[in-house]
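S.K.: File name data.cif; file contents mmCIF, C-alpha atoms; chains and numbers go by the auth columns; full text below.
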data_upload
#
loop_
_atom_site.group_PDB
_atom_site.id
_atom_site.type_symbol
_atom_site.label_atom_id
_atom_site.label_comp_id
_atom_site.label_asym_id
_atom_site.label_seq_id
_atom_site.Cartn_x
_atom_site.Cartn_y
_atom_site.Cartn_z
_atom_site.B_iso_or_equiv
_atom_site.auth_seq_id
_atom_site.auth_asym_id
ATOM 1 C CA TYR A 1 -64.412 102.611 41.320 0.00 1 A
ATOM 2 C CA GLU A 2 -67.231 100.284 40.327 0.00 2 A
ATOM 3 C CA LEU A 3 -67.948 97.058 38.490 0.00 3 A
ATOM 4 C CA GLU A 4 -71.612 96.200 37.900 0.00 4 A
ATOM 5 C CA TYR A 5 -73.542 93.004 37.265 0.00 5 A
ATOM 6 C CA VAL A 6 -77.113 93.051 35.922 0.00 6 A
ATOM 7 C CA ASN A 7 -79.021 89.763 36.152 0.00 7 A
ATOM 8 C CA GLY A 8 -75.733 87.973 36.668 0.00 8 A
ATOM 9 C CA ASN A 9 -73.984 89.486 33.630 0.00 9 A
ATOM 10 C CA LEU A 10 -71.038 91.855 33.946 0.00 10 A
ATOM 11 C CA VAL A 11 -71.972 95.115 32.197 0.00 11 A
ATOM 12 C CA THR A 12 -68.942 97.255 33.086 0.00 12 A
ATOM 13 C CA TYR A 13 -65.494 96.096 32.144 0.00 13 A
ATOM 14 C CA GLY A 14 -63.061 98.081 34.240 0.00 14 A
ATOM 15 C CA GLU A 15 -62.298 100.894 31.774 0.00 15 A
ATOM 16 C CA ALA A 16 -62.186 103.382 34.659 0.00 16 A
ATOM 17 C CA LEU A 17 -60.211 101.263 37.106 0.00 17 A
ATOM 18 C CA PRO A 18 -57.082 102.901 38.508 0.00 18 A
ATOM 19 C CA GLU A 19 -53.497 101.897 37.914 0.00 19 A
ATOM 20 C CA GLY A 20 -52.748 98.857 40.045 0.00 20 A
ATOM 21 C CA MET A 21 -56.079 97.119 39.301 0.00 21 A
ATOM 22 C CA LYS A 22 -56.290 94.900 36.224 0.00 22 A
ATOM 23 C CA LEU A 23 -59.520 93.238 35.139 0.00 23 A
ATOM 24 C CA LYS A 24 -59.328 90.092 33.017 0.00 24 A
ATOM 25 C CA PRO A 25 -61.920 87.626 31.703 0.00 25 A
ATOM 26 C CA LEU A 26 -62.576 84.539 33.743 0.00 26 A
ATOM 27 C CA SER A 27 -61.097 82.436 30.947 0.00 27 A
ATOM 28 C CA GLU A 28 -57.649 83.722 31.962 0.00 28 A
ATOM 29 C CA ALA A 29 -57.970 82.617 35.603 0.00 29 A
ATOM 30 C CA GLY A 30 -55.873 79.522 34.927 0.00 30 A
ATOM 31 C CA GLU A 31 -54.455 77.953 38.101 0.00 31 A
ATOM 32 C CA TYR A 32 -56.648 80.105 40.371 0.00 32 A
ATOM 33 C CA LEU A 33 -59.952 78.716 39.142 0.00 33 A
ATOM 34 C CA ASN A 34 -61.488 76.240 41.627 0.00 34 A
ATOM 35 C CA ARG A 35 -58.307 76.167 43.719 0.00 35 A
ATOM 36 C CA LEU A 36 -60.240 77.274 46.801 0.00 36 A
ATOM 37 C CA ALA A 37 -63.881 76.623 45.897 0.00 37 A
ATOM 38 C CA ASP A 38 -63.847 72.948 47.046 0.00 38 A
ATOM 39 C CA ILE A 39 -66.559 71.791 44.663 0.00 39 A
ATOM 40 C CA GLU A 40 -66.427 68.278 46.129 0.00 40 A
ATOM 41 C CA ASN A 41 -67.804 69.450 49.491 0.00 41 A
ATOM 42 C CA TYR A 42 -69.832 72.506 48.484 0.00 42 A
ATOM 43 C CA PRO A 43 -72.596 71.481 46.049 0.00 43 A
ATOM 44 C CA PHE A 44 -73.639 75.039 45.267 0.00 44 A
ATOM 45 C CA ALA A 45 -70.029 75.836 44.403 0.00 45 A
ATOM 46 C CA ALA A 46 -70.148 72.857 42.026 0.00 46 A
ATOM 47 C CA LEU A 47 -73.328 74.286 40.458 0.00 47 A
ATOM 48 C CA ASN A 48 -71.559 77.615 40.159 0.00 48 A
ATOM 49 C CA GLY A 49 -68.628 75.888 38.486 0.00 49 A
ATOM 50 C CA SER A 50 -70.881 74.518 35.759 0.00 50 A
ATOM 51 C CA CYS A 51 -71.747 78.081 34.637 0.00 51 A
ATOM 52 C CA LEU A 52 -68.409 79.861 34.405 0.00 52 A
ATOM 53 C CA GLU A 53 -69.360 82.450 31.785 0.00 53 A
ATOM 54 C CA GLN A 54 -70.288 84.977 34.474 0.00 54 A
ATOM 55 C CA GLY A 55 -67.437 86.487 36.457 0.00 55 A
ATOM 56 C CA PHE A 56 -63.948 87.948 36.217 0.00 56 A
ATOM 57 C CA LEU A 57 -60.332 87.774 37.324 0.00 57 A
ATOM 58 C CA LEU A 58 -59.103 90.900 39.146 0.00 58 A
ATOM 59 C CA GLU A 59 -55.399 91.348 39.823 0.00 59 A
ATOM 60 C CA ILE A 60 -54.082 93.880 42.340 0.00 60 A
ATOM 61 C CA LYS A 61 -50.495 94.953 41.753 0.00 61 A
ATOM 62 C CA PRO A 62 -48.018 94.325 44.611 0.00 62 A
ATOM 63 C CA GLY A 63 -47.689 97.363 46.855 0.00 63 A
ATOM 64 C CA ALA A 64 -50.751 99.115 45.392 0.00 64 A
ATOM 65 C CA ARG A 65 -52.865 101.540 47.445 0.00 65 A
ATOM 66 C CA PHE A 66 -56.106 103.181 46.316 0.00 66 A
ATOM 67 C CA ASP A 67 -57.850 106.414 47.272 0.00 67 A
ATOM 68 C CA ARG A 68 -61.340 104.874 46.972 0.00 68 A
ATOM 69 C CA PRO A 69 -62.900 101.439 47.499 0.00 69 A
ATOM 70 C CA LEU A 70 -63.843 99.086 44.685 0.00 70 A
ATOM 71 C CA VAL A 71 -67.625 98.582 44.644 0.00 71 A
ATOM 72 C CA LEU A 72 -69.087 95.435 43.080 0.00 72 A
ATOM 73 C CA THR A 73 -72.780 96.063 42.424 0.00 73 A
ATOM 74 C CA TYR A 74 -75.154 93.162 41.727 0.00 74 A
ATOM 75 C CA PHE A 75 -78.529 94.291 40.361 0.00 75 A
ATOM 76 C CA THR A 76 -81.361 91.855 39.653 0.00 76 A
ATOM 77 C CA ARG A 77 -84.457 92.726 37.625 0.00 77 A
ATOM 78 C CA PRO A 78 -86.510 89.486 37.509 0.00 78 A
ATOM 79 C CA GLU A 79 -89.523 90.841 35.578 0.00 79 A
ATOM 80 C CA GLY A 80 -91.580 87.798 36.568 0.00 80 A
ATOM 81 C CA ARG A 81 -88.891 85.241 35.684 0.00 81 A
ATOM 82 C CA ASN A 82 -87.308 82.677 38.001 0.00 82 A
ATOM 83 C CA LEU A 83 -83.700 83.648 37.353 0.00 83 A
ATOM 84 C CA LEU A 84 -80.578 81.654 38.193 0.00 84 A
ATOM 85 C CA GLU A 85 -77.446 83.782 38.546 0.00 85 A
ATOM 86 C CA ASN A 86 -74.123 81.946 38.930 0.00 86 A
ATOM 87 C CA ILE A 87 -71.244 84.384 39.474 0.00 87 A
ATOM 88 C CA ARG A 88 -67.567 83.596 40.055 0.00 88 A
ATOM 89 C CA ASN A 89 -65.119 86.329 41.040 0.00 89 A
ATOM 90 C CA ILE A 90 -61.413 85.606 41.436 0.00 90 A
ATOM 91 C CA ILE A 91 -59.400 88.330 43.161 0.00 91 A
ATOM 92 C CA VAL A 92 -55.605 88.101 43.422 0.00 92 A
ATOM 93 C CA VAL A 93 -54.101 90.654 45.803 0.00 93 A
ATOM 94 C CA GLY A 94 -50.371 91.265 45.428 0.00 94 A
ATOM 95 C CA ALA A 95 -47.860 91.379 48.263 0.00 95 A
ATOM 96 C CA GLY A 96 -47.953 94.475 50.449 0.00 96 A
ATOM 97 C CA SER A 97 -51.025 95.960 48.760 0.00 97 A
ATOM 98 C CA GLU A 98 -54.306 97.040 50.358 0.00 98 A
ATOM 99 C CA ILE A 99 -57.839 97.206 48.981 0.00 99 A
ATOM 100 C CA ASP A 100 -61.300 98.028 50.335 0.00 100 A
ATOM 101 C CA LEU A 101 -63.875 95.841 48.581 0.00 101 A
ATOM 102 C CA ILE A 102 -67.627 96.500 48.847 0.00 102 A
ATOM 103 C CA GLU A 103 -70.299 94.140 47.484 0.00 103 A
ATOM 104 C CA TYR A 104 -73.819 95.547 47.185 0.00 104 A
ATOM 105 C CA TYR A 105 -76.803 93.387 46.122 0.00 105 A
ATOM 106 C CA HIS A 106 -80.174 94.942 45.224 0.00 106 A
ATOM 107 C CA TYR A 107 -83.153 94.393 42.939 0.00 107 A
ATOM 108 C CA ALA A 108 -86.063 96.041 41.143 0.00 108 A
ATOM 109 C CA GLY A 109 -89.625 94.752 40.888 0.00 109 A
ATOM 110 C CA GLU A 110 -91.976 92.895 43.184 0.00 110 A
ATOM 111 C CA VAL A 111 -90.807 92.429 46.744 0.00 111 A
ATOM 112 C CA LYS A 112 -91.776 88.746 46.438 0.00 112 A
ATOM 113 C CA SER A 113 -89.743 88.177 43.270 0.00 113 A
ATOM 114 C CA ARG A 114 -88.204 84.704 43.101 0.00 114 A
ATOM 115 C CA TYR A 115 -84.647 84.122 41.895 0.00 115 A
ATOM 116 C CA LEU A 116 -81.463 82.396 43.025 0.00 116 A
ATOM 117 C CA LEU A 117 -78.152 84.205 43.188 0.00 117 A
ATOM 118 C CA ASN A 118 -75.364 81.658 43.656 0.00 118 A
ATOM 119 C CA GLN A 119 -71.943 83.243 44.028 0.00 119 A
ATOM 120 C CA VAL A 120 -68.388 82.099 44.719 0.00 120 A
ATOM 121 C CA ASN A 121 -65.525 84.488 45.477 0.00 121 A
ATOM 122 C CA GLU A 122 -61.998 83.074 45.451 0.00 122 A
ATOM 123 C CA ILE A 123 -59.666 85.595 47.078 0.00 123 A
ATOM 124 C CA PHE A 124 -55.885 85.129 47.155 0.00 124 A
ATOM 125 C CA ILE A 125 -54.039 87.456 49.553 0.00 125 A
ATOM 126 C CA ALA A 126 -50.259 87.576 49.244 0.00 126 A
ATOM 127 C CA ALA A 127 -47.794 88.273 52.061 0.00 127 A
ATOM 128 C CA ASP A 128 -48.391 91.471 54.089 0.00 128 A
ATOM 129 C CA ALA A 129 -51.411 92.463 51.987 0.00 129 A
ATOM 130 C CA VAL A 130 -54.695 93.697 53.499 0.00 130 A
ATOM 131 C CA VAL A 131 -58.245 93.107 52.228 0.00 131 A
ATOM 132 C CA ASN A 132 -61.192 94.864 53.902 0.00 132 A
ATOM 133 C CA HIS A 133 -64.331 93.171 52.565 0.00 133 A
ATOM 134 C CA TYR A 134 -67.809 94.628 53.171 0.00 134 A
ATOM 135 C CA LYS A 135 -71.041 93.048 51.974 0.00 135 A
ATOM 136 C CA TYR A 136 -74.595 94.453 52.007 0.00 136 A
ATOM 137 C CA GLN A 137 -77.226 91.992 50.776 0.00 137 A
ATOM 138 C CA ASN A 138 -80.653 93.532 50.045 0.00 138 A
ATOM 139 C CA GLU A 139 -82.417 90.886 47.964 0.00 139 A
ATOM 140 C CA ALA A 140 -86.142 90.461 47.307 0.00 140 A
ATOM 141 C CA PHE A 141 -88.186 88.852 50.084 0.00 141 A
ATOM 142 C CA LYS A 142 -88.675 85.550 48.192 0.00 142 A
ATOM 143 C CA ALA A 143 -85.227 85.441 46.589 0.00 143 A
ATOM 144 C CA ASN A 144 -82.504 83.002 47.624 0.00 144 A
ATOM 145 C CA HIS A 145 -78.918 84.122 48.132 0.00 145 A
ATOM 146 C CA ILE A 146 -76.093 81.581 48.455 0.00 146 A
ATOM 147 C CA ALA A 147 -72.489 82.756 48.694 0.00 147 A
ATOM 148 C CA LEU A 148 -69.133 81.147 49.403 0.00 148 A
ATOM 149 C CA HIS A 149 -66.099 83.327 50.113 0.00 149 A
ATOM 150 C CA ALA A 150 -63.008 81.145 49.838 0.00 150 A
ATOM 151 C CA VAL A 151 -59.868 82.957 50.984 0.00 151 A
ATOM 152 C CA GLU A 152 -56.185 82.017 50.924 0.00 152 A
ATOM 153 C CA GLN A 153 -53.831 84.088 53.103 0.00 153 A
ATOM 154 C CA GLN A 154 -50.059 84.223 52.953 0.00 154 A
ATOM 155 C CA ALA A 155 -47.850 85.127 55.912 0.00 155 A
ATOM 156 C CA GLY A 156 -48.433 88.551 57.449 0.00 156 A
ATOM 157 C CA SER A 157 -51.662 89.217 55.524 0.00 157 A
ATOM 158 C CA GLN A 158 -54.978 90.471 56.901 0.00 158 A
ATOM 159 C CA TYR A 159 -58.563 89.694 55.864 0.00 159 A
ATOM 160 C CA ASN A 160 -61.298 91.766 57.547 0.00 160 A
ATOM 161 C CA ALA A 161 -64.897 91.056 56.525 0.00 161 A
ATOM 162 C CA PHE A 162 -68.323 92.412 57.454 0.00 162 A
ATOM 163 C CA CYS A 163 -71.654 91.069 56.166 0.00 163 A
ATOM 164 C CA LEU A 164 -75.007 92.886 56.526 0.00 164 A
ATOM 165 C CA GLN A 165 -78.065 90.950 55.341 0.00 165 A
ATOM 166 C CA LYS A 166 -81.544 92.269 54.604 0.00 166 A
ATOM 167 C CA GLY A 167 -84.276 90.345 52.821 0.00 167 A
ATOM 168 C CA ALA A 168 -84.126 87.023 50.945 0.00 168 A
ATOM 169 C CA ASN A 169 -86.060 83.861 51.719 0.00 169 A
ATOM 170 C CA ILE A 170 -82.788 81.984 52.260 0.00 170 A
ATOM 171 C CA ALA A 171 -79.579 83.954 52.739 0.00 171 A
ATOM 172 C CA ARG A 172 -76.453 81.921 53.387 0.00 172 A
ATOM 173 C CA ASN A 173 -72.925 83.290 53.489 0.00 173 A
ATOM 174 C CA GLU A 174 -69.998 80.989 54.169 0.00 174 A
ATOM 175 C CA THR A 175 -66.385 82.028 54.614 0.00 175 A
ATOM 176 C CA LYS A 176 -63.628 79.462 54.261 0.00 176 A
ATOM 177 C CA ILE A 177 -60.056 80.551 55.017 0.00 177 A
ATOM 178 C CA ARG A 178 -56.811 78.755 54.240 0.00 178 A
ATOM 179 C CA LEU A 179 -53.766 80.094 56.107 0.00 179 A
ATOM 180 C CA LEU A 180 -50.333 79.523 54.590 0.00 180 A
ATOM 181 C CA GLY A 181 -46.762 80.316 55.617 0.00 181 A
ATOM 182 C CA LEU A 182 -44.579 79.640 58.645 0.00 182 A
ATOM 183 C CA LEU A 183 -42.623 82.760 59.505 0.00 183 A
ATOM 184 C CA LYS A 184 -45.157 85.515 60.269 0.00 184 A
ATOM 185 C CA PRO A 185 -48.672 85.434 61.753 0.00 185 A
ATOM 186 C CA CYS A 186 -51.622 86.357 59.600 0.00 186 A
ATOM 187 C CA ARG A 187 -54.964 87.688 60.779 0.00 187 A
ATOM 188 C CA TRP A 188 -58.580 87.207 59.805 0.00 188 A
ATOM 189 C CA ARG A 189 -61.637 88.874 61.269 0.00 189 A
ATOM 190 C CA PHE A 190 -65.269 88.871 60.246 0.00 190 A
ATOM 191 C CA SER A 191 -68.664 89.840 61.614 0.00 191 A
ATOM 192 C CA ASN A 192 -72.238 89.355 60.496 0.00 192 A
ATOM 193 C CA ARG A 193 -75.641 90.941 61.084 0.00 193 A
ATOM 194 C CA ARG A 194 -78.625 89.105 59.681 0.00 194 A
ATOM 195 C CA SER A 195 -82.235 89.592 58.575 0.00 195 A
ATOM 196 C CA LEU A 196 -82.694 93.342 59.000 0.00 196 A
ATOM 197 C CA PHE A 197 -86.148 93.534 57.445 0.00 197 A
ATOM 198 C CA TRP A 198 -87.014 96.710 59.350 0.00 198 A
ATOM 199 C CA MET A 199 -84.145 98.800 58.003 0.00 199 A
ATOM 200 C CA LYS A 200 -84.423 101.409 55.288 0.00 200 A
ATOM 201 C CA PRO A 201 -82.097 101.011 52.288 0.00 201 A
ATOM 202 C CA ILE A 202 -78.553 101.987 53.217 0.00 202 A
ATOM 203 C CA PRO A 203 -76.353 103.960 50.820 0.00 203 A
ATOM 204 C CA VAL A 204 -73.374 101.843 50.014 0.00 204 A
ATOM 205 C CA TRP A 205 -70.870 104.452 51.185 0.00 205 A
ATOM 206 C CA ILE A 206 -72.178 104.067 54.751 0.00 206 A
ATOM 207 C CA LEU A 207 -70.681 100.597 54.842 0.00 207 A
ATOM 208 C CA MET A 208 -67.265 102.185 54.944 0.00 208 A
ATOM 209 C CA LEU A 209 -68.121 103.495 58.394 0.00 209 A
ATOM 210 C CA LEU A 210 -68.405 99.931 59.610 0.00 210 A
ATOM 211 C CA LYS A 211 -64.667 99.795 60.118 0.00 211 A
ATOM 212 C CA LEU A 212 -65.644 100.677 63.680 0.00 212 A
ATOM 213 C CA TRP A 213 -66.673 96.995 63.843 0.00 213 A
ATOM 214 C CA PRO A 214 -69.264 95.036 65.704 0.00 214 A
ATOM 215 C CA THR A 215 -71.677 95.848 68.466 0.00 215 A
ATOM 216 C CA ALA A 216 -72.909 93.228 70.919 0.00 216 A
ATOM 217 C CA SER A 217 -75.668 92.145 68.520 0.00 217 A
ATOM 218 C CA MET A 218 -73.205 91.243 65.774 0.00 218 A
ATOM 219 C CA ARG A 219 -71.293 88.009 65.393 0.00 219 A
ATOM 220 C CA CYS A 220 -67.558 88.516 65.291 0.00 220 A
ATOM 221 C CA VAL A 221 -64.635 86.129 65.054 0.00 221 A
ATOM 222 C CA THR A 222 -61.026 87.283 65.283 0.00 222 A
ATOM 223 C CA ASN A 223 -57.894 85.200 64.913 0.00 223 A
ATOM 224 C CA THR A 224 -54.200 85.919 64.917 0.00 224 A
ATOM 225 C CA GLY A 225 -51.924 82.944 64.704 0.00 225 A
ATOM 226 C CA PRO A 226 -49.271 81.042 62.817 0.00 226 A
ATOM 227 C CA CYS A 227 -50.261 80.691 59.204 0.00 227 A
ATOM 228 C CA TRP A 228 -49.700 76.970 59.051 0.00 228 A
ATOM 229 C CA SER A 229 -53.049 76.424 60.808 0.00 229 A
ATOM 230 C CA SER A 230 -55.965 75.909 58.435 0.00 230 A
ATOM 231 C CA PRO A 231 -59.354 76.718 59.985 0.00 231 A
ATOM 232 C CA THR A 232 -62.614 76.594 58.092 0.00 232 A
ATOM 233 C CA ILE A 233 -65.153 79.212 59.114 0.00 233 A
ATOM 234 C CA SER A 234 -68.756 78.731 58.068 0.00 234 A
ATOM 235 C CA GLY A 235 -72.021 80.525 58.688 0.00 235 A
ATOM 236 C CA CYS A 236 -71.136 84.195 58.065 0.00 236 A
#
Written as structure tokens, that's how I'd like the structure from this file.

M.R.:
Amino acid sequence: YELEYVNGNLVTYGEALPEGMKLKPLSEAGEYLNRLADIENYPFAALNGSCLEQGFLLEIKPGARFDRPLVLTYFTRPEGRNLLENIRNIIVVGAGSEIDLIEYYHYAGEVKSRYLLNQVNEIFIAADAVVNHYKYQNEAFKANHIALHAVEQQAGSQYNAFCLQKGANIARNETKIRLLGLLKPCRWRFSNRRSLFWMKPIPVWILMLLKLWPTASMRCVTNTGPCWSSPTISGC
């Protein structure tokens, strides 16, 4: 299953999404919009919030399971322009459901193309749900990539994230997690590998193999604890 952005504009609209996934326009995000983004403390999130035409609301039905991952593809074709792409994705995962989410960023044109991709993901994970989030960033050498992943977890939920970065002049990924609930522990885990300029392009399906998780050269943080704690994790 795939949703595609081209130069920051959504060009596929979820016609082929399976039962249990529902794509809606960002204008219907309502109470979810900016609930986690913290625009007071994250200036690039505030910039993102000023350009809310680009993005979507994705709802995952409680208890849903899927036979394939959902791939979000971000393709940039600068053609000599200094582009600014502000993208906001809001993903609401229902109780007891599970989804594999892959984000793949790539470009066409000169390797020294200059553009800024500024993205905010707000991800809401209900009780006992699982989100496996993989990201492969392969931007142009002179591009800038800024991303904030703001996550809210209910009791018993899991959020597993892996970020692989290649290219970009500045590439910054921040993950901020809010843990809620008192009765059951929830779990978050993420790892990051940065600046792999020497690697050949990787087919996106290979990222699914990364469930084997990090080697010694990767950065990994794992936490299991009562959901009333509220850590903020930055730098991945």

S.K.: Edge lengths and centre in Å to one decimal, as JSON, of the axis-aligned box that encloses all listed atoms of range 13-22 of chain A with 3 Å added on every side?

M.R.:
{"center_x": -59.1, "center_y": 99.1, "center_z": 35.9, "size_x": 18.7, "size_y": 14.5, "size_z": 14.3}

S.K.: Give me, as CSV, the closest atom pair and its distance (Å, one decimal) for every residue of range 43-66 of chain A within a cut-off of 8 Å of range 74-93 of chain A, counting only C-alpha atoms, rows sorted by chain and rising number.

M.R.:
residue,atom,partner,partner_atom,distance
A:Leu47,CA,A:Asn86,CA,7.9
A:Asn48,CA,A:Asn86,CA,5.2
A:Gly49,CA,A:Arg88,CA,7.9
A:Cys51,CA,A:Asn86,CA,6.2
A:Leu52,CA,A:Arg88,CA,6.8
A:Gln54,CA,A:Ile87,CA,5.1
A:Gly55,CA,A:Arg88,CA,4.6
A:Phe56,CA,A:Asn89,CA,5.2
A:Leu57,CA,A:Ile90,CA,4.8
A:Leu58,CA,A:Ile91,CA,4.8
A:Glu59,CA,A:Val92,CA,4.9
A:Ile60,CA,A:Val93,CA,4.7
A:Lys61,CA,A:Val93,CA,6.9
A:Pro62,CA,A:Val93,CA,7.2

S.K.: Here's a test: counting only C-alpha atoms, identify every protein, DNA and RNA residue with an atom at most 10 Å from (-61.4, 95.2, 48.6) in the file's coordinate frame, and state them as a PyMOL selection string.

M.R.: chain A and resi 60+66+68-72+91+93+98-103+123+130-134+159-161

S.K.: Give as an MDAnalysis selection string the residues that the PyMOL selection byres ((chain A and resi 40-46) around 12) matches when applied to the coordinates above.

M.R.: chainID A and resid 33:39 47:52 84:88 116:122 145:150 172:176 234

S.K.: Please list as a list of chain:residue names every residue within 8 Å of Ala95 in chain A, counting all atoms listed in the file and excluding residues in the same chain fewer than 4 positions away.

M.R.: A:Lys61, A:Pro62, A:Gly63, A:Ile125, A:Ala126, A:Ala127, A:Asp128, A:Ala129

S.K.: What is the CA of Lys166 in chain A-CA of Glu139 in chain A distance in Å, reported with one decimal?

M.R.: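 One can read the CA of Lys166 in chain A to CA of Glu139 in chain A distance as 6.8 Å.
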
S.K.: For the structure provided, state which residues fall under the PyMOL selection byres ((chain A and resi 113) around 6), and present them as a list in words.

M.R.: Glu110, Val111, Lys112, Arg114, Ala140 and Lys142 of chain A

S.K.: Using all atoms listed in the file, can you tell me which of A:Ala108, A:Ile177, A:Asp67, A:Ala143 comes closest to Gln158 in chain A?

M.R.: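 With all atoms listed in the file as the atom set, the closest residue is A:Ile177.
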
S.K.: Care to translate the PyMOL selection byres ((chain A and resi 136) around 7) into actual residues of this file, as a PDB file with C-alpha atoms, in the frame of the given file?

M.R.:
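Written file, result-v1.pdb:
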ATOM      1  CA  GLU A 103     -70.299  94.140  47.484  1.00  0.00           C
ATOM      2  CA  TYR A 104     -73.819  95.547  47.185  1.00  0.00           C
ATOM      3  CA  TYR A 105     -76.803  93.387  46.122  1.00  0.00           C
ATOM      4  CA  TYR A 134     -67.809  94.628  53.171  1.00  0.00           C
ATOM      5  CA  LYS A 135     -71.041  93.048  51.974  1.00  0.00           C
ATOM      6  CA  GLN A 137     -77.226  91.992  50.776  1.00  0.00           C
ATOM      7  CA  ASN A 138     -80.653  93.532  50.045  1.00  0.00           C
ATOM      8  CA  CYS A 163     -71.654  91.069  56.166  1.00  0.00           C
ATOM      9  CA  LEU A 164     -75.007  92.886  56.526  1.00  0.00           C
ATOM     10  CA  GLN A 165     -78.065  90.950  55.341  1.00  0.00           C
TER      11      GLN A 165
END

S.K.: Between CA of Gln153 in chain A and CA of Glu2 in chain A, what is the spacing in Å?

M.R.: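 Interatomic distance here is 24.6 Å.
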
S.K.: When you draw a straight line from CA of Val151 in chain A to CA of Phe124 in chain A, how long is it in Å?

M.R.: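 A separation of 5.9 Å between them.
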
S.K.: Of the residues A:Asn169, A:Ser27, A:Ser157, A:Asn7, which is the one nearest to Asn144 in chain A, using all atoms listed in the file?

M.R.: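 That would be A:Asn169, the residue with the smallest distance to Asn144 in chain A.
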